[in-house]
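Shown next: query10.cif, given as mmCIF, C-alpha atoms.
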```cif
data_query
#
loop_
_atom_site.group_PDB
_atom_site.id
_atom_site.type_symbol
_atom_site.label_atom_id
_atom_site.label_comp_id
_atom_site.auth_asym_id
_atom_site.auth_seq_id
_atom_site.Cartn_x
_atom_site.Cartn_y
_atom_site.Cartn_z
ATOM 1 C CA MET A 91 5.256 -20.208 18.636
ATOM 2 C CA ALA A 92 5.540 -16.557 17.573
ATOM 3 C CA THR A 93 7.952 -17.489 14.793
ATOM 4 C CA THR A 94 5.599 -20.165 13.467
ATOM 5 C CA LEU A 95 2.610 -17.813 13.521
ATOM 6 C CA THR A 96 4.619 -15.068 11.847
ATOM 7 C CA PHE A 97 5.512 -17.483 9.050
ATOM 8 C CA ILE A 98 1.868 -18.583 8.721
ATOM 9 C CA PHE A 99 0.721 -14.986 8.335
ATOM 10 C CA PHE A 100 3.570 -14.355 5.886
ATOM 11 C CA VAL A 101 2.357 -17.265 3.725
ATOM 12 C CA LEU A 102 -1.204 -15.958 4.000
ATOM 13 C CA GLY A 103 0.108 -12.609 2.765
ATOM 14 C CA LEU A 104 1.779 -14.288 -0.211
ATOM 15 C CA ILE A 105 -1.536 -15.879 -1.172
ATOM 16 C CA ILE A 106 -3.432 -12.601 -0.790
ATOM 17 C CA GLY A 107 -0.687 -10.880 -2.774
ATOM 18 C CA SER A 108 -1.357 -13.218 -5.690
ATOM 19 C CA PHE A 109 -4.990 -12.075 -5.664
ATOM 20 C CA LEU A 110 -3.931 -8.429 -5.389
ATOM 21 C CA ASN A 111 -1.929 -8.877 -8.589
ATOM 22 C CA VAL A 112 -5.144 -9.944 -10.313
ATOM 23 C CA VAL A 113 -6.910 -6.849 -8.979
ATOM 24 C CA ILE A 114 -4.088 -4.577 -10.174
ATOM 25 C CA TYR A 115 -4.062 -6.124 -13.641
ATOM 26 C CA ARG A 116 -7.843 -6.281 -14.178
ATOM 27 C CA LEU A 117 -8.966 -3.085 -12.419
ATOM 28 C CA ASN A 118 -10.662 -0.621 -14.776
ATOM 29 C CA THR A 119 -10.695 -3.193 -17.578
ATOM 30 C CA LYS A 120 -13.560 -5.279 -18.882
ATOM 31 C CA LYS A 121 -12.059 -8.357 -17.247
ATOM 32 C CA THR A 122 -13.673 -9.788 -14.120
ATOM 33 C CA LEU A 123 -11.726 -10.761 -11.022
ATOM 34 C CA GLY A 124 -12.786 -14.386 -11.500
ATOM 35 C CA GLY A 125 -11.616 -16.911 -14.062
ATOM 36 C CA ARG A 126 -8.368 -18.744 -14.629
ATOM 37 C CA SER A 127 -5.066 -16.907 -14.873
ATOM 38 C CA ILE A 128 -3.346 -16.952 -18.251
ATOM 39 C CA CYS A 129 0.038 -16.093 -19.724
ATOM 40 C CA MET A 130 -0.123 -12.539 -21.054
ATOM 41 C CA SER A 131 1.921 -13.520 -24.135
ATOM 42 C CA CYS A 132 0.672 -16.911 -25.352
ATOM 43 C CA GLN A 133 -2.764 -16.779 -23.616
ATOM 44 C CA ARG A 134 -2.329 -20.289 -22.205
ATOM 45 C CA GLU A 135 -4.198 -21.086 -19.009
ATOM 46 C CA LEU A 136 -1.740 -21.567 -16.154
ATOM 47 C CA SER A 137 -1.594 -24.808 -14.184
ATOM 48 C CA TRP A 138 -1.949 -24.776 -10.407
ATOM 49 C CA TYR A 139 1.766 -25.325 -9.855
ATOM 50 C CA GLU A 140 2.493 -22.216 -11.927
ATOM 51 C CA LEU A 141 0.378 -20.141 -9.564
ATOM 52 C CA ILE A 142 2.162 -20.827 -6.283
ATOM 53 C CA PRO A 143 2.895 -17.324 -4.964
ATOM 54 C CA LEU A 144 6.545 -16.241 -5.281
ATOM 55 C CA PHE A 145 7.936 -19.762 -5.599
ATOM 56 C CA SER A 146 6.521 -20.444 -9.077
ATOM 57 C CA PHE A 147 8.280 -17.334 -10.371
ATOM 58 C CA LEU A 148 11.576 -18.512 -8.877
ATOM 59 C CA ILE A 149 11.217 -22.112 -10.075
ATOM 60 C CA LEU A 150 10.273 -21.033 -13.613
ATOM 61 C CA GLY A 151 13.159 -18.579 -13.722
ATOM 62 C CA GLY A 152 10.790 -15.672 -14.318
ATOM 63 C CA ARG A 153 9.608 -17.011 -17.708
ATOM 64 C CA CYS A 154 6.477 -18.668 -19.075
ATOM 65 C CA ARG A 155 6.865 -22.459 -19.171
ATOM 66 C CA THR A 156 5.477 -22.605 -22.727
ATOM 67 C CA CYS A 157 6.467 -19.485 -24.684
ATOM 68 C CA LYS A 158 9.461 -18.503 -22.496
ATOM 69 C CA SER A 159 8.370 -14.864 -22.399
ATOM 70 C CA ARG A 160 9.418 -12.908 -19.348
ATOM 71 C CA ILE A 161 7.006 -12.690 -16.426
ATOM 72 C CA SER A 162 6.714 -9.195 -14.977
ATOM 73 C CA ILE A 163 8.747 -8.706 -11.802
ATOM 74 C CA GLN A 164 5.647 -7.004 -10.425
ATOM 75 C CA TYR A 165 4.061 -10.351 -9.573
ATOM 76 C CA PRO A 166 6.650 -11.704 -7.121
ATOM 77 C CA LEU A 167 7.339 -8.246 -5.682
ATOM 78 C CA VAL A 168 3.676 -7.628 -4.868
ATOM 79 C CA GLU A 169 3.361 -11.109 -3.362
ATOM 80 C CA LEU A 170 6.512 -10.637 -1.272
ATOM 81 C CA THR A 171 5.443 -7.179 -0.130
ATOM 82 C CA SER A 172 2.014 -8.471 0.813
ATOM 83 C CA GLY A 173 3.637 -11.299 2.776
ATOM 84 C CA LEU A 174 5.822 -8.832 4.677
ATOM 85 C CA ILE A 175 2.819 -6.601 5.405
ATOM 86 C CA PHE A 176 0.807 -9.509 6.813
ATOM 87 C CA ALA A 177 3.750 -10.726 8.891
ATOM 88 C CA GLY A 178 4.440 -7.198 10.131
ATOM 89 C CA LEU A 179 0.834 -6.723 11.205
ATOM 90 C CA PHE A 180 0.942 -9.941 13.202
ATOM 91 C CA LEU A 181 4.136 -8.867 14.962
ATOM 92 C CA LYS A 182 2.515 -5.532 15.803
ATOM 93 C CA PHE A 183 -0.604 -7.147 17.272
ATOM 94 C CA GLN A 184 0.919 -10.317 18.750
ATOM 95 C CA ASP A 185 0.447 -9.095 22.337
ATOM 96 C CA ILE A 186 -3.261 -8.618 21.658
ATOM 97 C CA PHE A 187 -3.343 -12.142 20.177
ATOM 98 C CA SER A 188 -2.397 -13.599 23.558
ATOM 99 C CA LEU A 189 -4.873 -11.374 25.462
ATOM 100 C CA ASP A 190 -8.006 -11.314 23.334
ATOM 101 C CA LYS A 191 -8.135 -13.366 20.153
ATOM 102 C CA PHE A 192 -11.469 -11.932 19.027
ATOM 103 C CA SER A 193 -10.127 -8.381 19.213
ATOM 104 C CA PHE A 194 -6.938 -9.521 17.503
ATOM 105 C CA PHE A 195 -8.732 -10.983 14.500
ATOM 106 C CA VAL A 196 -11.015 -7.957 14.150
ATOM 107 C CA LEU A 197 -8.027 -5.605 14.355
ATOM 108 C CA TYR A 198 -5.882 -7.755 12.109
ATOM 109 C CA ASP A 199 -8.524 -8.227 9.436
ATOM 110 C CA TYR A 200 -9.325 -4.515 9.417
ATOM 111 C CA TYR A 201 -5.742 -3.355 8.978
ATOM 112 C CA ALA A 202 -4.885 -6.192 6.597
ATOM 113 C CA VAL A 203 -7.716 -5.086 4.303
ATOM 114 C CA LEU A 204 -6.682 -1.429 4.507
ATOM 115 C CA PHE A 205 -3.003 -2.040 3.794
ATOM 116 C CA SER A 206 -3.896 -4.471 1.007
ATOM 117 C CA ILE A 207 -5.925 -1.682 -0.595
ATOM 118 C CA LEU A 208 -2.995 0.691 -0.111
ATOM 119 C CA LEU A 209 -0.650 -1.794 -1.781
ATOM 120 C CA VAL A 210 -2.947 -2.043 -4.807
ATOM 121 C CA ILE A 211 -3.185 1.757 -4.969
ATOM 122 C CA ALA A 212 0.597 2.134 -4.802
ATOM 123 C CA VAL A 213 1.331 -0.381 -7.564
ATOM 124 C CA TYR A 214 -1.533 0.841 -9.772
ATOM 125 C CA ASP A 215 -0.293 4.426 -9.444
ATOM 126 C CA LEU A 216 3.224 3.265 -10.247
ATOM 127 C CA LYS A 217 2.002 1.518 -13.401
ATOM 128 C CA HIS A 218 -0.610 3.964 -14.661
ATOM 129 C CA LYS A 219 0.190 7.217 -12.818
ATOM 130 C CA ILE A 220 -3.345 7.478 -11.496
ATOM 131 C CA ILE A 221 -5.055 6.538 -8.244
ATOM 132 C CA PRO A 222 -8.353 4.666 -8.798
ATOM 133 C CA ASP A 223 -11.237 6.612 -7.272
ATOM 134 C CA ILE A 224 -13.096 3.464 -6.238
ATOM 135 C CA LEU A 225 -10.161 2.191 -4.172
ATOM 136 C CA VAL A 226 -9.401 5.497 -2.496
ATOM 137 C CA LEU A 227 -13.130 5.861 -1.705
ATOM 138 C CA ILE A 228 -13.277 2.427 -0.060
ATOM 139 C CA PHE A 229 -10.065 3.164 1.820
ATOM 140 C CA GLY A 230 -11.393 6.522 3.034
ATOM 141 C CA VAL A 231 -14.735 5.098 4.166
ATOM 142 C CA LEU A 232 -13.074 2.237 6.073
ATOM 143 C CA SER A 233 -10.527 4.591 7.647
ATOM 144 C CA PHE A 234 -13.308 6.925 8.775
ATOM 145 C CA ALA A 235 -15.305 4.008 10.199
ATOM 146 C CA GLY A 236 -12.217 2.932 12.131
ATOM 147 C CA LEU A 237 -12.319 6.211 14.073
ATOM 148 C CA PHE A 238 -15.324 4.804 15.942
ATOM 149 C CA LEU A 239 -13.873 1.324 16.527
ATOM 150 C CA PHE A 240 -10.118 1.546 17.054
ATOM 151 C CA SER A 241 -7.518 3.819 18.535
ATOM 152 C CA ASN A 242 -5.706 5.729 15.796
ATOM 153 C CA ASN A 243 -2.651 6.684 17.842
ATOM 154 C CA GLY A 244 -0.516 3.949 16.305
ATOM 155 C CA TYR A 245 -0.027 1.965 19.519
ATOM 156 C CA THR A 246 -0.687 -1.726 20.018
ATOM 157 C CA THR A 247 -2.190 -1.551 23.525
ATOM 158 C CA ALA A 248 -5.708 -0.469 22.524
ATOM 159 C CA LEU A 249 -8.255 -3.227 22.038
ATOM 160 C CA LEU A 250 -11.408 -3.090 19.974
ATOM 161 C CA TYR A 251 -13.896 -0.681 21.533
ATOM 162 C CA TRP A 252 -16.770 1.545 20.400
ATOM 163 C CA HIS A 253 -16.283 5.252 21.128
ATOM 164 C CA ILE A 254 -17.039 8.722 19.801
ATOM 165 C CA PRO A 255 -13.909 10.220 18.225
ATOM 166 C CA THR A 256 -12.609 13.610 19.302
ATOM 167 C CA LEU A 257 -12.902 16.662 17.086
ATOM 168 C CA LEU A 258 -9.185 16.360 16.316
ATOM 169 C CA ASP A 259 -9.743 12.775 15.167
ATOM 170 C CA PHE A 260 -12.422 13.968 12.740
ATOM 171 C CA LEU A 261 -10.224 16.810 11.492
ATOM 172 C CA SER A 262 -7.043 14.732 11.194
ATOM 173 C CA GLY A 263 -7.832 13.485 7.700
ATOM 174 C CA ILE A 264 -8.797 16.937 6.440
ATOM 175 C CA LEU A 265 -5.725 18.631 7.924
ATOM 176 C CA VAL A 266 -3.383 16.003 6.460
ATOM 177 C CA ALA A 267 -5.037 16.285 3.035
ATOM 178 C CA LEU A 268 -5.018 20.105 2.927
ATOM 179 C CA PRO A 269 -1.368 20.553 1.832
ATOM 180 C CA PHE A 270 -1.900 18.169 -1.088
ATOM 181 C CA ALA A 271 -5.111 19.891 -2.107
ATOM 182 C CA PHE A 272 -3.287 23.236 -1.954
ATOM 183 C CA PHE A 273 -0.411 21.983 -4.146
ATOM 184 C CA TRP A 274 -2.917 20.559 -6.616
ATOM 185 C CA LEU A 275 -4.905 23.795 -6.717
ATOM 186 C CA VAL A 276 -2.054 26.283 -7.149
ATOM 187 C CA SER A 277 -0.192 24.142 -9.691
ATOM 188 C CA GLY A 278 -3.198 23.086 -11.730
ATOM 189 C CA GLY A 279 -2.306 19.450 -11.042
ATOM 190 C CA ARG A 280 1.320 19.742 -12.190
ATOM 191 C CA TRP A 281 2.932 19.376 -8.758
ATOM 192 C CA MET A 282 0.502 16.986 -7.146
ATOM 193 C CA GLY A 283 -2.547 15.038 -8.266
ATOM 194 C CA LEU A 284 -5.922 15.365 -6.581
ATOM 195 C CA GLY A 285 -5.807 11.610 -5.998
ATOM 196 C CA ASP A 286 -2.903 12.143 -3.570
ATOM 197 C CA ALA A 287 -5.069 14.540 -1.534
ATOM 198 C CA LYS A 288 -7.882 11.983 -1.421
ATOM 199 C CA LEU A 289 -5.427 9.300 -0.318
ATOM 200 C CA ALA A 290 -3.936 11.576 2.359
ATOM 201 C CA LEU A 291 -7.450 12.132 3.724
ATOM 202 C CA GLY A 292 -7.831 8.433 4.496
ATOM 203 C CA ILE A 293 -4.289 8.157 5.840
ATOM 204 C CA GLY A 294 -5.002 10.991 8.273
ATOM 205 C CA TRP A 295 -8.071 9.192 9.608
ATOM 206 C CA LEU A 296 -6.218 5.874 9.718
ATOM 207 C CA LEU A 297 -3.137 7.058 11.622
ATOM 208 C CA GLY A 298 -4.172 10.196 13.463
ATOM 209 C CA MET A 299 -2.449 13.579 13.188
ATOM 210 C CA SER A 300 0.955 12.805 14.678
ATOM 211 C CA ALA A 301 1.597 9.491 12.923
ATOM 212 C CA ALA A 302 0.069 10.751 9.657
ATOM 213 C CA PHE A 303 2.390 13.760 9.464
ATOM 214 C CA SER A 304 5.259 11.418 10.325
ATOM 215 C CA ALA A 305 4.154 9.296 7.374
ATOM 216 C CA LEU A 306 4.164 12.395 5.161
ATOM 217 C CA ALA A 307 7.682 13.227 6.286
ATOM 218 C CA ILE A 308 8.867 9.742 5.330
ATOM 219 C CA ALA A 309 7.010 9.998 2.006
ATOM 220 C CA PHE A 310 8.619 13.323 1.080
ATOM 221 C CA TRP A 311 12.087 12.243 2.229
ATOM 222 C CA SER A 312 11.975 8.948 0.345
ATOM 223 C CA GLY A 313 10.418 10.650 -2.682
ATOM 224 C CA ALA A 314 13.170 13.251 -2.718
ATOM 225 C CA ILE A 315 15.887 10.583 -2.509
ATOM 226 C CA VAL A 316 14.359 8.581 -5.352
ATOM 227 C CA GLY A 317 13.774 11.723 -7.415
ATOM 228 C CA VAL A 318 17.358 12.945 -7.088
ATOM 229 C CA THR A 319 18.651 9.441 -7.840
ATOM 230 C CA LEU A 320 16.541 9.238 -10.989
ATOM 231 C CA ILE A 321 17.716 12.668 -12.128
ATOM 232 C CA ILE A 322 21.303 11.493 -11.845
ATOM 233 C CA LEU A 323 20.620 8.201 -13.612
ATOM 234 C CA LEU A 324 18.602 9.851 -16.393
ATOM 235 C CA LYS A 325 21.351 12.247 -17.348
ATOM 236 C CA ASN A 326 21.222 12.758 -21.117
ATOM 237 C CA SER A 327 24.417 11.328 -22.579
ATOM 238 C CA LYS A 328 24.239 13.552 -25.698
ATOM 239 C CA THR A 329 23.536 16.972 -24.211
ATOM 240 C CA GLY A 330 24.895 16.459 -20.729
ATOM 241 C CA LYS A 331 21.696 17.960 -19.293
ATOM 242 C CA LEU A 332 19.406 16.446 -16.750
ATOM 243 C CA GLU A 333 15.926 15.449 -17.879
ATOM 244 C CA MET A 334 12.828 15.986 -15.719
ATOM 245 C CA LYS A 335 10.096 14.968 -18.168
ATOM 246 C CA SER A 336 8.935 11.825 -16.403
ATOM 247 C CA GLU A 337 6.334 12.016 -13.664
ATOM 248 C CA ILE A 338 7.099 10.281 -10.390
ATOM 249 C CA PRO A 339 3.939 8.789 -8.811
ATOM 250 C CA PHE A 340 3.696 9.843 -5.171
ATOM 251 C CA ALA A 341 1.198 7.263 -3.877
ATOM 252 C CA PRO A 342 3.890 4.560 -3.389
ATOM 253 C CA PHE A 343 5.806 6.911 -1.087
ATOM 254 C CA LEU A 344 2.643 7.803 0.838
ATOM 255 C CA VAL A 345 1.859 4.123 1.313
ATOM 256 C CA LEU A 346 5.443 3.382 2.404
ATOM 257 C CA GLY A 347 5.296 6.223 4.908
ATOM 258 C CA ALA A 348 1.903 5.164 6.236
ATOM 259 C CA PHE A 349 2.976 1.565 6.788
ATOM 260 C CA ALA A 350 6.278 2.555 8.426
ATOM 261 C CA ALA A 351 4.587 5.075 10.728
ATOM 262 C CA PHE A 352 1.934 2.530 11.703
ATOM 263 C CA ILE A 353 4.182 -0.475 12.273
ATOM 264 C CA PHE A 354 7.002 1.372 14.051
ATOM 265 C CA GLU A 355 4.719 3.815 15.889
ATOM 266 C CA LEU A 356 6.527 6.871 14.541
ATOM 267 C CA HIS A 357 5.611 10.247 16.012
ATOM 268 C CA PHE A 358 8.055 12.874 14.799
ATOM 269 C CA PHE A 359 5.782 15.744 15.790
ATOM 270 C CA ASN A 360 3.958 16.535 19.020
ATOM 271 C CA PHE A 361 0.291 17.050 18.178
#
```
Render the structure in this file as structure tokens.
Amino acid sequence: MATTLTFIFFVLGLIIGSFLNVVIYRLNTKKTLGGRSICMSCQRELSWYELIPLFSFLILGGRCRTCKSRISIQYPLVELTSGLIFAGLFLKFQDIFSLDKFSFFVLYDYYAVLFSILLVIAVYDLKHKIIPDILVLIFGVLSFAGLFLFSNNGYTTALLYWHIPTLLDFLSGILVALPFAFFWLVSGGRWMGLGDAKLALGIGWLLGMSAAFSALAIAFWSGAIVGVTLIILLKNSKTGKLEMKSEIPFAPFLVLGAFAAFIFELHFFNF
């Protein structure tokens, strides 16, 4: 039963991931989120069987059926990632599913929306090197609202309940965001963008102090590994010197850390 439900939520995630691709592509453009999907090269409207999440990309060999232009790998990767997020959230809350289905669906929908927003932010930052203010605002507001409705300690045992958060709960977002704001201030935006501080604010409220700082640790570790790897790979073949001109967006690492800390209940620090 659990395996079947996990697969169902995975498929649901694939479908939502297809919509998230539309949001990523059309955000901050004059295009609306409605309307038929088209090939970016030949502008042909896509048939329904070309829009099946993940599988259409595989069946078509990653190319448009008409003009044979390459389809961005972003599309299947976002769909697959969304599917894994939705499946992971079900596995985290499956005990609640058997105890209280109403609480499960409220919890699940809440976190599915938040991590879907985080996925869009991560990919958009990766593509454009900027975090959309509207998305980080929605994420922050929803994370703050969750302080009153859910436990933010990262555990699966808490059910939906209304409560007044502690002072530490209120301060968690601010304290997590402070290091990013400091780096942005002293470097004039060269070390860290202000958008990362805004994102960290919501992550602090979403996860709580302990899990949020664990997420930051994962973000900095993974960012450092990727950064060093890129430095090695981008070695200039003519001069033999390493190049550091390209910016590395940090939001994807923050989102990775937040999801890992939430799903695996990581608490590296005792707060």
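A cut-off of 8 Å from the point (3.6, -14.8, 18.9), with all atoms listed in the file, picks out the residues Met91, Ala92, Thr93, Thr94, Leu95, Thr96, Phe180, Leu181, Gln184, Asp185, Phe187 and Ser188 of chain A.
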>> Counting only C-alpha atoms, find residues at most 10 Å from (5.9, -10.4, 10.0) (file frame) and give them as a ChimeraX atom specification.
In response: /A:92-93,95-101,103,173-182
Those residues you just picked out, can you put them in a file as a PDB file, keeping the file's coordinate frame with C-alpha atoms?
```
ATOM      1  CA  ALA A  92       5.540 -16.557  17.573  1.00  0.00           C
ATOM      2  CA  THR A  93       7.952 -17.489  14.793  1.00  0.00           C
ATOM      3  CA  LEU A  95       2.610 -17.813  13.521  1.00  0.00           C
ATOM      4  CA  THR A  96       4.619 -15.068  11.847  1.00  0.00           C
ATOM      5  CA  PHE A  97       5.512 -17.483   9.050  1.00  0.00           C
ATOM      6  CA  ILE A  98       1.868 -18.583   8.721  1.00  0.00           C
ATOM      7  CA  PHE A  99       0.721 -14.986   8.335  1.00  0.00           C
ATOM      8  CA  PHE A 100       3.570 -14.355   5.886  1.00  0.00           C
ATOM      9  CA  VAL A 101       2.357 -17.265   3.725  1.00  0.00           C
ATOM     10  CA  GLY A 103       0.108 -12.609   2.765  1.00  0.00           C
ATOM     11  CA  GLY A 173       3.637 -11.299   2.776  1.00  0.00           C
ATOM     12  CA  LEU A 174       5.822  -8.832   4.677  1.00  0.00           C
ATOM     13  CA  ILE A 175       2.819  -6.601   5.405  1.00  0.00           C
ATOM     14  CA  PHE A 176       0.807  -9.509   6.813  1.00  0.00           C
ATOM     15  CA  ALA A 177       3.750 -10.726   8.891  1.00  0.00           C
ATOM     16  CA  GLY A 178       4.440  -7.198  10.131  1.00  0.00           C
ATOM     17  CA  LEU A 179       0.834  -6.723  11.205  1.00  0.00           C
ATOM     18  CA  PHE A 180       0.942  -9.941  13.202  1.00  0.00           C
ATOM     19  CA  LEU A 181       4.136  -8.867  14.962  1.00  0.00           C
ATOM     20  CA  LYS A 182       2.515  -5.532  15.803  1.00  0.00           C
TER      21      LYS A 182
END
```
> Quick one: which residues end up in the PyMOL selection byres ((chain A and resi 253) around 9) for this structure, as a PyMOL selection string?
Replying inline: chain A and resi 237-240+251-252+254-255
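Atom pair atom CA of A:Phe229 / atom CA of A:Gln164: separated by 22.4 Å.
Across the structure, atom CA of A:Val345 and atom CA of A:Gly313 are spaced 11.5 Å apart.
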> If you apply the PyMOL selection byres ((chain A and resi 210) around 12) to this file, what residues do you get, as a PyMOL selection string?
Replying inline: chain A and resi 106-117+164-165+168-169+171-172+203-209+211-218+220-222+224-226+229+341-342+345
> Smallest atom-to-atom distance to A:Phe183: which of A:Ile163, A:Asp199, A:Leu170, A:Ile322, using only C-alpha atoms?
Replying inline: A:Asp199
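Every residue that the PyMOL selection byres ((chain A and resi 344) around 10) selects in this file is listed here: Leu208, Ala212, Asp286, Leu289, Ala290, Ile293, Ala302, Ala305, Leu306, Ala307, Ile308, Ala309, Phe310, Ser312, Gly313, Pro339, Phe340, Ala341, Pro342, Phe343, Val345, Leu346, Gly347, Ala348, Phe349 and Ala350 of chain A.
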Preceding selection exported with C-alpha atoms as a CSV table (one decimal), keeping the file's coordinate frame:
```csv
chain,number,residue,atom,x,y,z
A,208,LEU,CA,-3.0,0.7,-0.1
A,212,ALA,CA,0.6,2.1,-4.8
A,286,ASP,CA,-2.9,12.1,-3.6
A,289,LEU,CA,-5.4,9.3,-0.3
A,290,ALA,CA,-3.9,11.6,2.4
A,293,ILE,CA,-4.3,8.2,5.8
A,302,ALA,CA,0.1,10.8,9.7
A,305,ALA,CA,4.2,9.3,7.4
A,306,LEU,CA,4.2,12.4,5.2
A,307,ALA,CA,7.7,13.2,6.3
A,308,ILE,CA,8.9,9.7,5.3
A,309,ALA,CA,7.0,10.0,2.0
A,310,PHE,CA,8.6,13.3,1.1
A,312,SER,CA,12.0,8.9,0.3
A,313,GLY,CA,10.4,10.6,-2.7
A,339,PRO,CA,3.9,8.8,-8.8
A,340,PHE,CA,3.7,9.8,-5.2
A,341,ALA,CA,1.2,7.3,-3.9
A,342,PRO,CA,3.9,4.6,-3.4
A,343,PHE,CA,5.8,6.9,-1.1
A,345,VAL,CA,1.9,4.1,1.3
A,346,LEU,CA,5.4,3.4,2.4
A,347,GLY,CA,5.3,6.2,4.9
A,348,ALA,CA,1.9,5.2,6.2
A,349,PHE,CA,3.0,1.6,6.8
A,350,ALA,CA,6.3,2.6,8.4
```
>> Would you compute the distance between atom CA of A:Met282 and atom CA of A:Leu227? Give it in Å to one decimal.
In response: 18.4 Å
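Among the candidates A:Ile338, A:Leu296, A:Leu257, A:Ala314, the one nearest to A:Gly283 when counting all atoms listed in the file is A:Ile338.
Restricting the calculation to only C-alpha atoms, the smallest distance between A:Tyr201 and any of A:Ile321, A:Val276, A:Leu258, A:Leu232 is found for A:Leu232.
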I'd like the contact shell of A:Leu291 - 9 Å cut-off, only C-alpha atoms, skipping same-chain residues fewer than 3 positions apart - returned as a PDB file with C-alpha atoms, in the frame of the given file.
```
ATOM      1  CA  GLY A 230     -11.393   6.522   3.034  1.00  0.00           C
ATOM      2  CA  SER A 262      -7.043  14.732  11.194  1.00  0.00           C
ATOM      3  CA  GLY A 263      -7.832  13.485   7.700  1.00  0.00           C
ATOM      4  CA  ILE A 264      -8.797  16.937   6.440  1.00  0.00           C
ATOM      5  CA  LEU A 265      -5.725  18.631   7.924  1.00  0.00           C
ATOM      6  CA  VAL A 266      -3.383  16.003   6.460  1.00  0.00           C
ATOM      7  CA  ALA A 267      -5.037  16.285   3.035  1.00  0.00           C
ATOM      8  CA  LEU A 268      -5.018  20.105   2.927  1.00  0.00           C
ATOM      9  CA  ASP A 286      -2.903  12.143  -3.570  1.00  0.00           C
ATOM     10  CA  ALA A 287      -5.069  14.540  -1.534  1.00  0.00           C
ATOM     11  CA  LYS A 288      -7.882  11.983  -1.421  1.00  0.00           C
ATOM     12  CA  GLY A 294      -5.002  10.991   8.273  1.00  0.00           C
ATOM     13  CA  TRP A 295      -8.071   9.192   9.608  1.00  0.00           C
ATOM     14  CA  LEU A 296      -6.218   5.874   9.718  1.00  0.00           C
TER      15      LEU A 296
END
```
